[in-house]
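K.L.:
Below is one structure. I have some questions about it.
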Amino acid sequence: MSIRTGRAARTGQYLALLAYLVFLAFPFLWLLSTAFKPPRELGSLHPSWIPDEPTLANFRQAFDEQPLLRAAGNSLLIALCAAVVAVLVATPAAYVAARNRGRLAKAATGWAVVSQAFPFVLLIIPLFLILKNLRLVNTLTGLVLVYVVWSLPFALWMLIGYVRAVPTELEEAAAVDGAGRVRTLVSVTAPLLAPGVAATAMFAFVTAWNEFFFALVLLKTPEKQTLPVVLTHFLGAEGVADLGPLAAAAFLATIPSLVIFAIVQRRITGGMLAGAVKH
């Protein structure tokens, strides 16, 4: 009876996982299908998954109507800079907070979690005023700073967990063997933190790449607008979407995130296995 119960539980878990994967994949697959449909099929009362007459006209129209390459370049530059700066700031701060378990470290960790509950609307006015005083409104640098500040609390919270998972005995053993503090951090601690740093960088990158509200408010010059903002230009004056080109542009906008995730996911898995062997 217990064996049957175990099999039934595993089957239920697999079915739940399959349902969750279908739930996640449905919007992307429908977007992909819409991107290749001609206008006649887009207005059909009985839409199908696979286009009867696939076409690339939506992609050509999307590039002709909007400066997608320029916007993608802005988004890529901003997202990469935000991810690098967030990791460089969060990693040493997380190490100090994780190794020093005093009240200050606990307060910093608690604030990192609580700050994520603040809505965007509450923050945009003080952020705008600060950037205005710094003369960083309508600049890519100002938007990078905003994204770093916004992603830093969660990045810090993530990395604190990774640092605490690294046994202090490894650092103590390295010190006994004669390694200095810097040598210990570089040779022992840093390789074990690599999966956490990669996951944090991926989070910061995807957050900056997909963010819309701050970019809409802080960037006014068309040449500096990011890809999510440019995608809204496919909506007409009355809110009617140019569905085919919009789906094509949105599909292209999802590709960098998927590629980054695929690359980083391999490194995260490899780093975790390497860390387990070292431990």
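By convention here, the chains of the structure tokens are called A, B, ... in the order presented, each chain's residues are numbered starting at 1, and ligands are numbered starting at 1 in the order presented.
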A:Trp30: which residues within 12 Å, counting only C-alpha atoms, same-chain residues fewer than 4 positions away excluded, as a PyMOL selection string?
P.N.:
chain A and resi 22-26+34-37+42+47-51+244+247-248+250-251
K.L.:
Looking at only C-alpha atoms, which of A:Thr232, A:Asn210, A:Thr91, A:Gln61 is the one that sits closest to A:Tyr162?
P.N.:
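Using only C-alpha atoms, A:Tyr162 sits closest to A:Thr91.
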K.L.:
Stretch 97-234 of chain A: which residues are alpha helix (DSSP H) by DSSP, as number ranges by chain?
P.N.:
A: 97-99, 103-114, 120-133, 140-165, 168-176, 181-184, 190-210, 213-218, 227-231
K.L.:
Applying 8 Å and only C-alpha atoms, which residues near A:Met202 remain after dropping the ones on its own chain fewer than 4 positions away? List them as a list in words.
P.N.:
Ala83, Ala198, Val206, Ile260, Phe261 and Val264 of chain A
K.L.:
I'd like to know which of A:Ile255, A:Pro195, A:Gly180, A:Leu143 is closest to A:Asn74, using only C-alpha atoms.
P.N.:
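Closest to A:Asn74, using only C-alpha atoms: A:Leu143.
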K.L.:
Within 9 Å of A:Ser115, counting only C-alpha atoms, which residues qualify if same-chain residues fewer than 6 places away don't, as a list in words?
P.N.:
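The residues satisfying every condition are Trp150, Pro153 and Phe154 of chain A.
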K.L.:
For A:Pro222, find every residue with an atom within 10 Å (counting only C-alpha atoms), except residues of its own chain fewer than 4 positions away, and show them as a list of chain:residue names.
P.N.:
A:Pro67, A:Arg70, A:Ala71, A:Thr226, A:Val229, A:Val230
